[in-house]
>>> print(open('query_18.pdb').read())   # PDB, C-alpha atoms and all ligand atoms
ATOM      1  CA  MET J 584       0.000   0.000   0.000
ATOM      2  CA  GLY J 585       2.977   2.297   0.457
ATOM      3  CA  TYR J 586       3.855   4.935  -2.020
ATOM      4  CA  MET J 587       6.833   7.176  -2.323
ATOM      5  CA  THR J 588       6.621  10.878  -1.803
ATOM      6  CA  CYS J 589       9.394  12.640  -3.561
ATOM      7  CA  GLU J 590       7.820  15.914  -4.646
ATOM      8  CA  ALA J 591      10.652  17.823  -3.020
ATOM      9  CA  GLU J 592      12.972  16.428  -5.698
ATOM     10  CA  MET J 593      10.768  17.301  -8.629
ATOM     11  CA  ALA J 594      11.440  20.619 -10.304
ATOM     12  CA  MET J 595       8.444  22.150 -11.998
ATOM     13  CA  ILE J 596       8.040  24.503 -14.896
ATOM     14  CA  ARG J 597       6.289  27.546 -13.449
ATOM     15  CA  GLU J 598       4.139  30.084 -15.221
ATOM     16  CA  ILE J 599       6.139  33.150 -16.264
ATOM     17  CA  LEU J 600       4.305  36.370 -15.441
ATOM     18  CA  LYS J 601       3.843  38.848 -18.276
ATOM     19  CA  MET J 602       4.391  42.594 -18.371
ATOM     20  CA  GLY J 603       1.423  44.357 -16.809
ATOM     21  CA  ASP J 604       1.211  41.951 -13.896
ATOM     22  CA  PRO J 605       1.667  44.019 -10.722
ATOM     23  CA  ARG J 606       3.831  41.276  -9.210
ATOM     24  CA  LEU J 607       6.533  42.245 -11.733
ATOM     25  CA  GLN J 608       6.465  45.835 -10.479
ATOM     26  CA  ARG J 609       7.336  45.204  -6.835
ATOM     27  CA  VAL J 610      10.676  45.862  -5.177
ATOM     28  CA  ALA J 611      11.408  42.286  -4.119
ATOM     29  CA  LYS J 612      12.210  41.395  -0.518
ATOM     30  CA  PRO J 613      15.637  40.214   0.626
ATOM     31  CA  VAL J 614      16.075  36.507   1.333
ATOM     32  CA  GLU J 615      16.368  36.511   5.123
ATOM     33  CA  ASP J 616      17.648  32.965   5.608
ATOM     34  CA  ILE J 617      19.285  31.066   2.767
ATOM     35  CA  ARG J 618      18.959  27.770   4.681
ATOM     36  CA  VAL J 619      15.184  27.544   4.401
ATOM     37  CA  PRO J 620      14.435  24.341   2.478
ATOM     38  CA  GLU J 621      11.884  26.039   0.204
ATOM     39  CA  LEU J 622      14.669  28.031  -1.420
ATOM     40  CA  ARG J 623      16.197  24.924  -3.051
ATOM     41  CA  GLY J 624      12.866  24.069  -4.627
ATOM     42  CA  ILE J 625      12.325  27.599  -5.904
ATOM     43  CA  ILE J 626      15.795  27.680  -7.482
ATOM     44  CA  ALA J 627      15.295  24.257  -9.111
ATOM     45  CA  ASP J 628      11.962  25.429 -10.512
ATOM     46  CA  MET J 629      13.572  28.602 -11.831
ATOM     47  CA  TYR J 630      16.178  26.596 -13.785
ATOM     48  CA  GLU J 631      13.522  24.236 -15.107
ATOM     49  CA  THR J 632      11.393  27.202 -16.193
ATOM     50  CA  MET J 633      14.282  29.148 -17.746
ATOM     51  CA  HIS J 634      15.546  26.164 -19.728
ATOM     52  CA  ALA J 635      12.073  25.221 -20.953
ATOM     53  CA  ALA J 636      11.674  28.780 -22.254
ATOM     54  CA  ASN J 637      15.205  28.910 -23.765
ATOM     55  CA  GLY J 638      16.029  31.870 -21.567
ATOM     56  CA  VAL J 639      19.444  33.082 -20.451
ATOM     57  CA  GLY J 640      18.226  34.490 -17.160
ATOM     58  CA  LEU J 641      15.269  34.511 -14.832
ATOM     59  CA  ALA J 642      14.460  36.466 -11.688
ATOM     60  CA  ALA J 643      12.229  35.085  -8.934
ATOM     61  CA  PRO J 644       9.587  37.826  -9.386
ATOM     62  CA  GLN J 645       8.991  36.499 -12.918
ATOM     63  CA  ILE J 646       7.443  33.379 -11.400
ATOM     64  CA  GLY J 647       5.606  35.388  -8.753
ATOM     65  CA  ILE J 648       8.152  34.860  -5.965
ATOM     66  CA  ASP J 649       8.752  38.102  -4.105
ATOM     67  CA  LEU J 650      12.425  37.507  -3.297
ATOM     68  CA  ARG J 651      15.768  38.973  -4.352
ATOM     69  CA  LEU J 652      16.924  35.879  -6.166
ATOM     70  CA  MET J 653      18.091  35.446  -9.758
ATOM     71  CA  ILE J 654      19.641  32.887 -12.074
ATOM     72  CA  PHE J 655      21.426  33.516 -15.355
ATOM     73  CA  GLY J 656      24.112  32.217 -17.668
ATOM     74  CA  PHE J 657      24.644  29.836 -20.547
ATOM     75  CA  GLU J 658      27.358  27.827 -22.229
ATOM     76  CA  ALA J 659      28.854  29.046 -25.495
ATOM     77  CA  ASN J 660      26.259  28.094 -28.058
ATOM     78  CA  PRO J 661      26.987  27.683 -31.784
ATOM     79  CA  ARG J 662      23.513  29.003 -32.515
ATOM     80  CA  TYR J 663      24.485  32.330 -30.933
ATOM     81  CA  PRO J 664      28.095  32.812 -32.009
ATOM     82  CA  ASP J 665      27.979  36.531 -31.259
ATOM     83  CA  GLU J 666      27.205  36.065 -27.572
ATOM     84  CA  PRO J 667      30.078  35.016 -25.305
ATOM     85  CA  ALA J 668      29.341  32.402 -22.653
ATOM     86  CA  VAL J 669      28.228  33.693 -19.269
ATOM     87  CA  PRO J 670      28.867  31.372 -16.290
ATOM     88  CA  VAL J 671      25.707  29.754 -14.978
ATOM     89  CA  THR J 672      25.093  31.573 -11.707
ATOM     90  CA  THR J 673      22.503  31.586  -8.925
ATOM     91  CA  LEU J 674      22.612  34.778  -6.864
ATOM     92  CA  ILE J 675      20.775  35.569  -3.652
ATOM     93  CA  ASN J 676      20.433  39.190  -2.507
ATOM     94  CA  PRO J 677      22.631  40.483  -5.330
ATOM     95  CA  TRP J 678      24.156  43.962  -5.470
ATOM     96  CA  LEU J 679      25.350  46.108  -8.351
ATOM     97  CA  GLU J 680      28.031  48.766  -8.604
ATOM     98  CA  VAL J 681      28.383  50.746 -11.819
ATOM     99  CA  LEU J 682      32.075  51.197 -12.642
ATOM    100  CA  ASN J 683      31.715  53.313 -15.739
ATOM    101  CA  GLU J 684      28.895  55.711 -16.489
ATOM    102  CA  THR J 685      29.300  55.057 -20.215
ATOM    103  CA  LEU J 686      26.159  53.476 -21.605
ATOM    104  CA  GLU J 687      26.132  50.920 -24.398
ATOM    105  CA  GLU J 688      23.036  50.127 -26.396
ATOM    106  CA  GLY J 689      22.089  46.531 -27.076
ATOM    107  CA  TRP J 690      19.034  44.541 -28.060
ATOM    108  CA  GLU J 691      17.210  42.783 -25.246
ATOM    109  CA  GLY J 692      14.307  40.459 -24.904
ATOM    110  CA  CYS J 693      12.528  39.218 -21.815
ATOM    111  CA  LEU J 694      10.529  36.094 -21.055
ATOM    112  CA  SER J 695       7.942  38.407 -19.463
ATOM    113  CA  VAL J 696       7.647  40.416 -22.713
ATOM    114  CA  PRO J 697       7.381  37.545 -25.213
ATOM    115  CA  GLY J 698       7.900  38.121 -28.917
ATOM    116  CA  MET J 699       9.418  41.564 -28.559
ATOM    117  CA  ARG J 700      12.811  43.254 -28.549
ATOM    118  CA  GLY J 701      14.074  46.642 -27.541
ATOM    119  CA  LEU J 702      17.295  48.613 -27.803
ATOM    120  CA  VAL J 703      18.343  49.269 -24.212
ATOM    121  CA  PRO J 704      21.173  51.429 -22.859
ATOM    122  CA  ARG J 705      23.120  49.715 -20.060
ATOM    123  CA  SER J 706      26.288  50.442 -18.149
ATOM    124  CA  ALA J 707      29.208  48.992 -20.057
ATOM    125  CA  HIS J 708      31.269  47.965 -17.045
ATOM    126  CA  VAL J 709      29.960  46.875 -13.650
ATOM    127  CA  ARG J 710      30.894  45.002 -10.508
ATOM    128  CA  TYR J 711      28.296  42.773  -8.953
ATOM    129  CA  GLY J 712      28.019  40.209  -6.257
ATOM    130  CA  GLY J 713      25.768  38.387  -3.889
ATOM    131  CA  THR J 714      25.354  35.231  -1.880
ATOM    132  CA  LEU J 715      25.636  31.805  -3.489
ATOM    133  CA  GLU J 716      23.468  28.821  -2.606
ATOM    134  CA  ASP J 717      26.154  27.409  -0.297
ATOM    135  CA  GLY J 718      26.271  30.653   1.688
ATOM    136  CA  SER J 719      29.564  31.879   0.290
ATOM    137  CA  THR J 720      29.798  35.238  -1.427
ATOM    138  CA  LEU J 721      30.697  36.081  -4.995
ATOM    139  CA  THR J 722      32.070  39.258  -6.546
ATOM    140  CA  ARG J 723      32.682  39.745 -10.257
ATOM    141  CA  GLU J 724      33.752  42.592 -12.499
ATOM    142  CA  VAL J 725      32.258  42.237 -15.962
ATOM    143  CA  SER J 726      31.520  44.143 -19.135
ATOM    144  CA  GLY J 727      29.593  43.815 -22.367
ATOM    145  CA  PHE J 728      26.903  41.165 -22.714
ATOM    146  CA  HIS J 729      27.589  39.640 -19.299
ATOM    147  CA  ALA J 730      27.097  43.055 -17.670
ATOM    148  CA  ARG J 731      23.901  43.536 -19.675
ATOM    149  CA  VAL J 732      22.418  40.201 -18.609
ATOM    150  CA  PHE J 733      23.133  40.917 -14.954
ATOM    151  CA  GLN J 734      21.654  44.429 -15.095
ATOM    152  CA  HIS J 735      18.530  43.098 -16.821
ATOM    153  CA  GLU J 736      17.951  40.510 -14.067
ATOM    154  CA  PHE J 737      18.833  42.972 -11.313
ATOM    155  CA  ASP J 738      16.198  45.362 -12.670
ATOM    156  CA  HIS J 739      13.576  42.619 -12.257
ATOM    157  CA  LEU J 740      14.291  42.612  -8.504
ATOM    158  CA  ASN J 741      13.452  46.308  -8.411
ATOM    159  CA  GLY J 742      10.252  46.004 -10.398
ATOM    160  CA  VAL J 743      11.752  47.351 -13.628
ATOM    161  CA  LEU J 744      11.279  45.753 -17.056
ATOM    162  CA  TYR J 745      13.543  46.634 -19.988
ATOM    163  CA  PRO J 746      10.909  48.619 -21.966
ATOM    164  CA  GLN J 747      11.046  51.210 -19.156
ATOM    165  CA  ARG J 748      14.718  51.802 -20.003
ATOM    166  CA  ILE J 749      14.313  52.292 -23.736
ATOM    167  CA  ILE J 750      15.103  55.862 -24.779
ATOM    168  CA  ASP J 751      14.123  55.663 -28.464
ATOM    169  CA  ILE J 752      10.752  53.915 -28.350
ATOM    170  CA  THR J 753      10.858  53.394 -32.131
ATOM    171  CA  LYS J 754      13.505  50.762 -31.259
ATOM    172  CA  PHE J 755      10.918  48.611 -29.475
ATOM    173  CA  GLY J 756       8.773  46.154 -31.353
ATOM    174  CA  PHE J 757       7.928  42.668 -32.442
ATOM    175  CA  ILE J 758      10.851  40.442 -33.387
ATOM    176  CA  GLU J 759       9.569  39.580 -36.844
ATOM    177  CA  ALA J 760       8.968  43.245 -37.650
ATOM    178  CA  LEU J 761      12.310  44.490 -36.303
ATOM    179  CA  PHE J 762      14.401  41.656 -37.752
ATOM    180  CA  PRO J 763      12.565  40.302 -40.794
ATOM    181  CA  GLU J 764      15.730  38.737 -42.201
ATOM    182  CA  SER J 765      16.988  36.897 -39.153
ATOM    183  CA  GLN J 766      16.051  34.014 -36.933
ATOM    184  CA  ALA J 767      13.279  34.841 -34.517
ATOM    185  CA  ASP J 768      14.605  32.799 -31.614
ATOM    186  CA  ARG J 769      17.091  35.067 -29.937
ATOM    187  CA  LEU J 770      18.237  35.096 -26.372
ATOM    188  CA  GLU J 771      15.692  36.106 -23.772
ATOM    189  CA  SER J 772      15.866  36.736 -20.093
TER     190      SER J 772
HETATM  191 NI    NI N 801      13.553  39.645 -18.216
END
>>> encode(input="query_18.pdb", output="structure tokens")
Amino acid sequence: MGYMTCEAEMAMIREILKMGDPRLQRVAKPVEDIRVPELRGIIADMYETMHAANGVGLAAPQIGIDLRLMIFGFEANPRYPDEPAVPVTTLINPWLEVLNETLEEGWEGCLSVPGMRGLVPRSAHVRYGGTLEDGSTLTREVSGFHARVFQHEFDHLNGVLYPQRIIDITKFGFIEALFPESQADRLES
């Protein structure tokens, strides 16, 4: 008659909230205790959800979790030869320090804004850090695409989506309209 309960081991694909949902507009709360068992399950679900959606980053608020928690990164991928690999990273209570006020424009997408792209100015050179799952701390100094991905995810923790950062709103639109000649499946986060 016995049956096994192992739901704690099973990562689930969660629904990704879409722009307009007020849960994406909150300033997320710090994780007070990284040892709470629920955190492991949330992180596993975030990876499952990000990979299922072919994303390169996901912040907890995107699945309705009001915590300062993000994942991002991907291996070098021959399908995206222009994008350098970014180490796969889980960060709890991350922080950001802008090292250079120079802004660089780059195209971004977001799993919460499906089908669209926008040209977004971001700091070219930043330092960031936070707590890792094992409780140790991480600090990195990065530039270019890596810096962009981090800033995009960090914005999610402060209730900001990339369209709010676009300066020239004519550079915001549907992928197939903006890039009629190229593949539609670009990186999203
Ligand atoms: Ni996003």
>>> closest_residue(input="query_18.pdb", among="J:Ile648, J:Ala627, J:Val732, J:Leu761", to="J:Met593", atoms="all atoms listed in the file")
J:Ala627
>>> residues_near_ligand(input="query_18.pdb", ligand="ligand NI 801 (chain N)", cutoff="10 Å", atoms="only C-alpha atoms and all ligand atoms", output="JSON, numbers by chain")
{"J": [601, 602, 607, 638, 639, 640, 641, 642, 644, 645, 691, 692, 693, 694, 695, 696, 697, 732, 734, 735, 736, 737, 738, 739, 743, 744, 745, 771, 772]}
>>> atom_distance(input="query_18.pdb", atom1="atom CA of J:Pro667", atom2="atom CA of J:Thr685")
20.7 Å
>>> residues_around(input="query_18.pdb", residues="J:Arg723", least_positions_apart="3", cutoff="10 Å", atoms="all atoms listed in the file", output="CSV table (one decimal) with C-alpha atoms, in the frame of the given file")
chain,number,residue,atom,x,y,z
J,679,LEU,CA,25.4,46.1,-8.4
J,709,VAL,CA,30.0,46.9,-13.6
J,710,ARG,CA,30.9,45.0,-10.5
J,711,TYR,CA,28.3,42.8,-9.0
J,712,GLY,CA,28.0,40.2,-6.3
J,713,GLY,CA,25.8,38.4,-3.9
J,726,SER,CA,31.5,44.1,-19.1
J,730,ALA,CA,27.1,43.1,-17.7
>>> atom_distance(input="query_18.pdb", atom1="atom CA of J:Trp678", atom2="atom CA of J:Thr714")
9.5 Å
>>> closest_residue(input="query_18.pdb", among="J:Phe757, J:Ala668, J:Gly742, J:Thr673", to="J:Gly727", atoms="all atoms listed in the file")
J:Ala668
>>> decode(input="query_18.pdb", residues="stretch 740-771 of chain J", atoms="N, CA and C atoms", output="compact mmCIF listing (two decimals), in the first residue's frame")
# COMPACT_ATOMS: atom_id res chain seq x y z
N LEU J 740 14.42 42.63 -9.96
CA LEU J 740 14.29 42.61 -8.50
C LEU J 740 13.82 43.95 -7.97
N ASN J 741 13.92 44.98 -8.81
CA ASN J 741 13.45 46.31 -8.41
C ASN J 741 12.18 46.71 -9.16
N GLY J 742 11.53 45.74 -9.75
CA GLY J 742 10.25 46.00 -10.40
C GLY J 742 10.35 46.72 -11.73
N VAL J 743 11.53 46.64 -12.37
CA VAL J 743 11.75 47.35 -13.63
C VAL J 743 11.90 46.35 -14.77
N LEU J 744 11.15 46.57 -15.85
CA LEU J 744 11.28 45.75 -17.06
C LEU J 744 11.98 46.58 -18.13
N TYR J 745 12.68 45.89 -19.06
CA TYR J 745 13.54 46.63 -19.99
C TYR J 745 12.83 47.70 -20.81
N PRO J 746 11.53 47.54 -21.18
CA PRO J 746 10.91 48.62 -21.97
C PRO J 746 10.95 49.97 -21.25
N GLN J 747 10.99 49.95 -19.90
CA GLN J 747 11.05 51.21 -19.16
C GLN J 747 12.38 51.92 -19.34
N ARG J 748 13.39 51.21 -19.83
CA ARG J 748 14.72 51.80 -20.00
C ARG J 748 14.99 52.23 -21.44
N ILE J 749 14.09 51.93 -22.33
CA ILE J 749 14.31 52.29 -23.74
C ILE J 749 14.18 53.81 -23.89
N ILE J 750 15.14 54.41 -24.57
CA ILE J 750 15.10 55.86 -24.78
C ILE J 750 14.39 56.17 -26.09
N ASP J 751 14.76 55.46 -27.16
CA ASP J 751 14.12 55.66 -28.46
C ASP J 751 13.07 54.57 -28.64
N ILE J 752 11.82 54.92 -28.37
CA ILE J 752 10.75 53.91 -28.35
C ILE J 752 10.46 53.35 -29.75
N THR J 753 10.99 54.00 -30.80
CA THR J 753 10.86 53.39 -32.13
C THR J 753 11.73 52.15 -32.24
N LYS J 754 12.66 51.96 -31.27
CA LYS J 754 13.50 50.76 -31.26
C LYS J 754 12.94 49.73 -30.28
N PHE J 755 11.62 49.61 -30.29
CA PHE J 755 10.92 48.61 -29.47
C PHE J 755 9.82 48.04 -30.35
N GLY J 756 9.81 46.72 -30.50
CA GLY J 756 8.77 46.15 -31.35
C GLY J 756 8.81 44.65 -31.38
N PHE J 757 8.02 44.12 -32.28
CA PHE J 757 7.93 42.67 -32.44
C PHE J 757 9.15 42.15 -33.21
N ILE J 758 9.63 40.99 -32.81
CA ILE J 758 10.85 40.44 -33.39
C ILE J 758 10.75 40.36 -34.91
N GLU J 759 9.64 39.81 -35.40
CA GLU J 759 9.57 39.58 -36.84
C GLU J 759 9.48 40.88 -37.63
N ALA J 760 9.03 41.95 -36.98
CA ALA J 760 8.97 43.25 -37.65
C ALA J 760 10.31 43.96 -37.59
N LEU J 761 11.00 43.84 -36.46
CA LEU J 761 12.31 44.49 -36.30
C LEU J 761 13.39 43.79 -37.11
N PHE J 762 13.32 42.45 -37.14
CA PHE J 762 14.40 41.66 -37.75
C PHE J 762 13.82 40.69 -38.76
N PRO J 763 13.25 41.20 -39.86
CA PRO J 763 12.56 40.30 -40.79
C PRO J 763 13.50 39.28 -41.46
N GLU J 764 14.80 39.60 -41.48
CA GLU J 764 15.73 38.74 -42.20
C GLU J 764 16.33 37.66 -41.32
N SER J 765 16.21 37.79 -40.01
CA SER J 765 16.99 36.90 -39.15
C SER J 765 16.11 35.93 -38.40
N GLN J 766 16.76 34.99 -37.75
CA GLN J 766 16.05 34.01 -36.93
C GLN J 766 15.28 34.72 -35.83
N ALA J 767 14.11 34.21 -35.55
CA ALA J 767 13.28 34.84 -34.52
C ALA J 767 13.69 34.44 -33.12
N ASP J 768 14.34 33.29 -32.98
CA ASP J 768 14.60 32.80 -31.61
C ASP J 768 15.94 33.32 -31.09
N ARG J 769 15.90 34.48 -30.54
CA ARG J 769 17.09 35.07 -29.94
C ARG J 769 17.06 34.86 -28.43
N LEU J 770 18.13 35.29 -27.81
CA LEU J 770 18.24 35.10 -26.37
C LEU J 770 17.23 35.94 -25.61
N GLU J 771 16.63 35.37 -24.61
CA GLU J 771 15.69 36.11 -23.77
C GLU J 771 16.03 35.91 -22.31
